[in-house]
Amino acid sequence: MIDTEVQIAAEVILSGGSILYPTDTIWGIGCDATNRESVQNIYQIKQRDDRKSMLVLLDGHTMLEEYLSIIPPIALDVINKAERPTTIIYPGARNLANNLLGPDGSIGLRLPSDPFCKTLIRTTGLPIVSASATVSGKQSPGTFHQIPTSRQNQVDYVVNWRQNETKASIPSVIIKLEKDGTLTTLRS
């Protein structure tokens with residue numbers, strides 16, 4: 001079943017659409033992170049100011065190199081030692097939709113461990129936006145059943161995978177990496 005769901009979600013993303021999907025943290029709304037129009041649609045769904053960036057999921061170190069100008073060794077240390085899913089906000093993003101980046105050109109990236117996410121990224125060959133399945137500023141739903149039907153109806157496809165889980169998920173740790181190599185924990 002996961003293969004079927006990945007295939008359907010991949011087709012939606014490759015055609016410029018949006019999906020509601022499970023990640024290694026909370027349920028997310030996603031799209032092709034290189035497609036400006038798709039990203040703008042996510043901002044509209046979330047009712048989010050497009051000057052606030054959203055995070056992106058990548059599959060491994062090779063993809064990091066494709067979407068960042070420089071990857072400081074300390075970032076790889078953080079990734080390799082992280083005990084929980086960790087998003088790092090990097091300076092010097094590239095090759096992503098420009099409306100996805102922070103005003104300073106930064107971007108939050110995470111390498112998920114979730115099999116659905118990893119397979120979806122590999123299948124599409126694209127970085128995938130992962131914005132919480134809520135209106136901007138509201139608490140993220142811990143389970144699929146906490147996502148209002150009205151929200152589900154705003155995306156092009158709702159992934160039929162892990163919808164029956166009852167254990168509440170939590171968002172990722174967020175660490176900001178400055179140009180000078182300084183790390184600041186923004187959410188633990």
# chains A, B, ... in the order shown; residues from 1 in each chain; ligands from 1
>>> residues_around(residues="Leu183 in chain A", least_positions_apart="4", cutoff="9 Å", atoms="only C-alpha atoms", output="PyMOL selection string")
chain A and resi 74-75+175-178
>>> select_by_dssp(residues="range 61-149 of chain A", states="helix (DSSP H, G or I)", output="ChimeraX atom specification")
/A:61-67,73-81,98-100,115-124,144-146,149
>>> residues_around(residues="Ile121 in chain A", least_positions_apart="2", cutoff="10 Å", atoms="only C-alpha atoms", output="ChimeraX atom specification")
/A:6,10,32,57-60,112,115-119,123-128
>>> residues_around(residues="Asn153 in chain A", least_positions_apart="3", cutoff="12 Å", atoms="only C-alpha atoms", output="PyMOL selection string")
chain A and resi 18-20+29+45+133+147-150+156-158
>>> residues_around(residues="Asp180 in chain A", least_positions_apart="4", cutoff="12 Å", atoms="only C-alpha atoms", output="PyMOL selection string")
chain A and resi 70-72+74+90-91+176+184
>>> atom_distance(atom1="CA of Thr86 in chain A", atom2="CA of His145 in chain A")
24.4 Å
>>> residues_around(residues="Trp161 in chain A", least_positions_apart="3", cutoff="9 Å", atoms="only C-alpha atoms", output="list in words")
Met1, Ile2, Glu5, Tyr21, Pro22, Phe116, Val158 and Asn164 of chain A
>>> write_last_selection(atoms="N, CA, C and O atoms", output="short mmCIF file (atom, residue, chain, number, x, y, z; two decimals), in the first residue's frame")
data_model
loop_
_atom_site.label_atom_id
_atom_site.label_comp_id
_atom_site.auth_asym_id
_atom_site.auth_seq_id
_atom_site.Cartn_x
_atom_site.Cartn_y
_atom_site.Cartn_z
N MET A 1 0.80 -1.20 0.00
CA MET A 1 0.00 0.00 0.00
C MET A 1 0.86 1.27 0.00
O MET A 1 0.48 2.25 -0.64
N ILE A 2 1.99 1.26 0.70
CA ILE A 2 2.83 2.46 0.72
C ILE A 2 3.28 2.82 -0.69
O ILE A 2 3.32 4.00 -1.05
N GLU A 5 0.50 4.65 -2.50
CA GLU A 5 0.34 6.00 -1.97
C GLU A 5 1.48 6.91 -2.41
O GLU A 5 1.26 8.08 -2.75
N TYR A 21 0.18 14.91 4.12
CA TYR A 21 0.90 13.66 4.28
C TYR A 21 1.58 13.52 5.64
O TYR A 21 1.88 14.52 6.30
N PRO A 22 1.82 12.26 6.07
CA PRO A 22 2.50 12.03 7.34
C PRO A 22 4.01 12.20 7.16
O PRO A 22 4.56 11.86 6.11
N PHE A 116 7.77 6.72 4.21
CA PHE A 116 6.93 7.33 3.18
C PHE A 116 7.62 8.55 2.61
O PHE A 116 7.73 8.71 1.39
N VAL A 158 -4.96 13.71 -0.22
CA VAL A 158 -4.71 13.34 1.18
C VAL A 158 -4.15 11.91 1.16
O VAL A 158 -4.81 10.98 0.70
N ASN A 164 -4.57 6.17 10.90
CA ASN A 164 -5.20 5.62 12.11
C ASN A 164 -4.31 5.64 13.34
O ASN A 164 -4.70 5.13 14.39
#
>>> residues_around(residues="Lys167 in chain A", least_positions_apart="6", cutoff="12 Å", atoms="only C-alpha atoms", output="list in words")
Thr25, Ile26, Pro141, Gly142, Thr143, Phe144, His145 and Gln146 of chain A
>>> write_last_selection(atoms="N, CA and C atoms", output="PDB file, in the first residue's frame")
ATOM      1  N   THR A  25       7.523  13.639  11.854  1.00  0.00           N
ATOM      2  CA  THR A  25       7.070  14.438  12.993  1.00  0.00           C
ATOM      3  C   THR A  25       5.543  14.534  12.899  1.00  0.00           C
ATOM      4  N   ILE A  26       5.024  15.668  12.482  1.00  0.00           N
ATOM      5  CA  ILE A  26       3.582  15.885  12.398  1.00  0.00           C
ATOM      6  C   ILE A  26       3.098  15.735  10.959  1.00  0.00           C
ATOM      7  N   PRO A 141      -1.629  19.745  14.641  1.00  0.00           N
ATOM      8  CA  PRO A 141      -2.369  18.554  15.064  1.00  0.00           C
ATOM      9  C   PRO A 141      -1.398  17.410  15.371  1.00  0.00           C
ATOM     10  N   GLY A 142      -1.668  16.688  16.449  1.00  0.00           N
ATOM     11  CA  GLY A 142      -0.811  15.569  16.831  1.00  0.00           C
ATOM     12  C   GLY A 142      -1.112  14.299  16.060  1.00  0.00           C
ATOM     13  N   THR A 143      -2.354  14.194  15.539  1.00  0.00           N
ATOM     14  CA  THR A 143      -2.751  13.012  14.769  1.00  0.00           C
ATOM     15  C   THR A 143      -3.556  13.462  13.543  1.00  0.00           C
ATOM     16  N   PHE A 144      -3.720  12.553  12.611  1.00  0.00           N
ATOM     17  CA  PHE A 144      -4.485  12.854  11.409  1.00  0.00           C
ATOM     18  C   PHE A 144      -5.913  13.278  11.757  1.00  0.00           C
ATOM     19  N   HIS A 145      -6.526  12.609  12.734  1.00  0.00           N
ATOM     20  CA  HIS A 145      -7.927  12.874  13.066  1.00  0.00           C
ATOM     21  C   HIS A 145      -8.150  14.249  13.693  1.00  0.00           C
ATOM     22  N   GLN A 146      -7.079  14.949  14.040  1.00  0.00           N
ATOM     23  CA  GLN A 146      -7.202  16.311  14.565  1.00  0.00           C
ATOM     24  C   GLN A 146      -7.147  17.357  13.443  1.00  0.00           C
TER      25      GLN A 146
END
>>> atom_distance(atom1="CA of Glu11 in chain A", atom2="CA of Val159 in chain A")
12.1 Å
>>> closest_residue(among="A:Thr23, A:Asn35, A:Asn95, A:Ser132", to="Leu111 in chain A", atoms="only C-alpha atoms")
A:Thr23
>>> closest_residue(among="A:Glu165, A:Ala131, A:Val173, A:Gly181", to="Glu83 in chain A", atoms="only C-alpha atoms")
A:Val173
>>> select_by_dssp(residues="range 11-163 of chain A", states="strand (DSSP E)", output="number ranges by chain")
A: 19-21, 28-30, 55-57, 86-90, 107-110, 128-132, 157-158
>>> write_last_selection(atoms="N, CA, C and O atoms", output="compact mmCIF listing (two decimals), in the first residue's frame")
# COMPACT_ATOMS: atom_id res chain seq x y z
N ILE A 19 -0.21 18.09 -1.34
CA ILE A 19 -0.64 16.89 -0.63
C ILE A 19 -0.68 17.16 0.87
O ILE A 19 0.00 18.05 1.38
N LEU A 20 -1.49 16.37 1.57
CA LEU A 20 -1.50 16.31 3.02
C LEU A 20 -0.91 14.95 3.35
O LEU A 20 -1.43 13.93 2.88
N TYR A 21 0.18 14.91 4.12
CA TYR A 21 0.90 13.66 4.28
C TYR A 21 1.58 13.52 5.64
O TYR A 21 1.88 14.52 6.30
N GLY A 28 1.92 16.99 7.48
CA GLY A 28 2.31 18.20 6.78
C GLY A 28 1.54 18.41 5.49
O GLY A 28 0.95 17.48 4.94
N ILE A 29 1.58 19.65 5.04
CA ILE A 29 1.07 20.00 3.72
C ILE A 29 2.31 20.20 2.87
O ILE A 29 3.23 20.92 3.27
N GLY A 30 2.36 19.55 1.71
CA GLY A 30 3.58 19.61 0.92
C GLY A 30 3.35 19.81 -0.56
O GLY A 30 2.24 19.66 -1.07
N LEU A 55 9.67 24.92 5.91
CA LEU A 55 10.77 23.97 5.85
C LEU A 55 10.61 22.99 4.69
O LEU A 55 9.53 22.84 4.13
N VAL A 56 11.71 22.34 4.36
CA VAL A 56 11.79 21.45 3.20
C VAL A 56 12.43 20.14 3.63
O VAL A 56 13.40 20.13 4.41
N LEU A 57 11.89 19.04 3.12
CA LEU A 57 12.45 17.72 3.39
C LEU A 57 13.32 17.29 2.20
O LEU A 57 12.93 17.45 1.04
N THR A 86 15.32 16.68 13.41
CA THR A 86 15.89 18.01 13.60
C THR A 86 15.92 18.77 12.29
O THR A 86 16.44 18.28 11.29
N THR A 87 15.35 19.96 12.32
CA THR A 87 15.37 20.87 11.18
C THR A 87 16.48 21.88 11.44
O THR A 87 16.55 22.46 12.53
N ILE A 88 17.32 22.09 10.45
CA ILE A 88 18.38 23.09 10.56
C ILE A 88 18.07 24.20 9.57
O ILE A 88 17.80 23.94 8.40
N ILE A 89 18.10 25.43 10.07
CA ILE A 89 17.93 26.59 9.19
C ILE A 89 19.32 27.00 8.73
O ILE A 89 20.16 27.39 9.54
N TYR A 90 19.56 26.86 7.44
CA TYR A 90 20.86 27.12 6.84
C TYR A 90 20.88 28.46 6.10
O TYR A 90 19.89 28.81 5.46
N ILE A 107 17.01 28.80 4.65
CA ILE A 107 15.95 27.80 4.49
C ILE A 107 16.11 26.73 5.57
O ILE A 107 17.21 26.36 5.92
N GLY A 108 14.98 26.26 6.08
CA GLY A 108 14.99 25.16 7.04
C GLY A 108 14.89 23.85 6.29
O GLY A 108 13.97 23.64 5.50
N LEU A 109 15.86 22.96 6.54
CA LEU A 109 15.91 21.66 5.86
C LEU A 109 15.97 20.53 6.87
O LEU A 109 16.61 20.66 7.92
N ARG A 110 15.31 19.43 6.55
CA ARG A 110 15.37 18.24 7.41
C ARG A 110 15.51 17.01 6.54
O ARG A 110 14.93 16.92 5.46
N ILE A 128 10.73 18.40 -0.94
CA ILE A 128 9.30 18.53 -0.67
C ILE A 128 9.06 19.50 0.48
O ILE A 128 9.66 19.36 1.56
N VAL A 129 8.19 20.47 0.26
CA VAL A 129 7.79 21.38 1.33
C VAL A 129 7.09 20.57 2.41
O VAL A 129 6.35 19.63 2.11
N SER A 130 7.34 20.93 3.66
CA SER A 130 6.65 20.29 4.78
C SER A 130 6.21 21.38 5.75
O SER A 130 6.95 21.77 6.64
N ALA A 131 4.99 21.86 5.55
CA ALA A 131 4.41 22.87 6.42
C ALA A 131 3.34 22.19 7.27
O ALA A 131 2.61 21.32 6.77
N SER A 132 3.23 22.56 8.53
CA SER A 132 2.24 21.92 9.38
C SER A 132 0.84 22.06 8.80
O SER A 132 0.53 23.04 8.13
N TYR A 157 -4.46 16.13 -2.73
CA TYR A 157 -4.50 14.71 -2.37
C TYR A 157 -4.17 14.53 -0.89
O TYR A 157 -3.22 15.14 -0.38
N VAL A 158 -4.96 13.71 -0.22
CA VAL A 158 -4.71 13.34 1.18
C VAL A 158 -4.15 11.91 1.16
O VAL A 158 -4.81 10.98 0.70
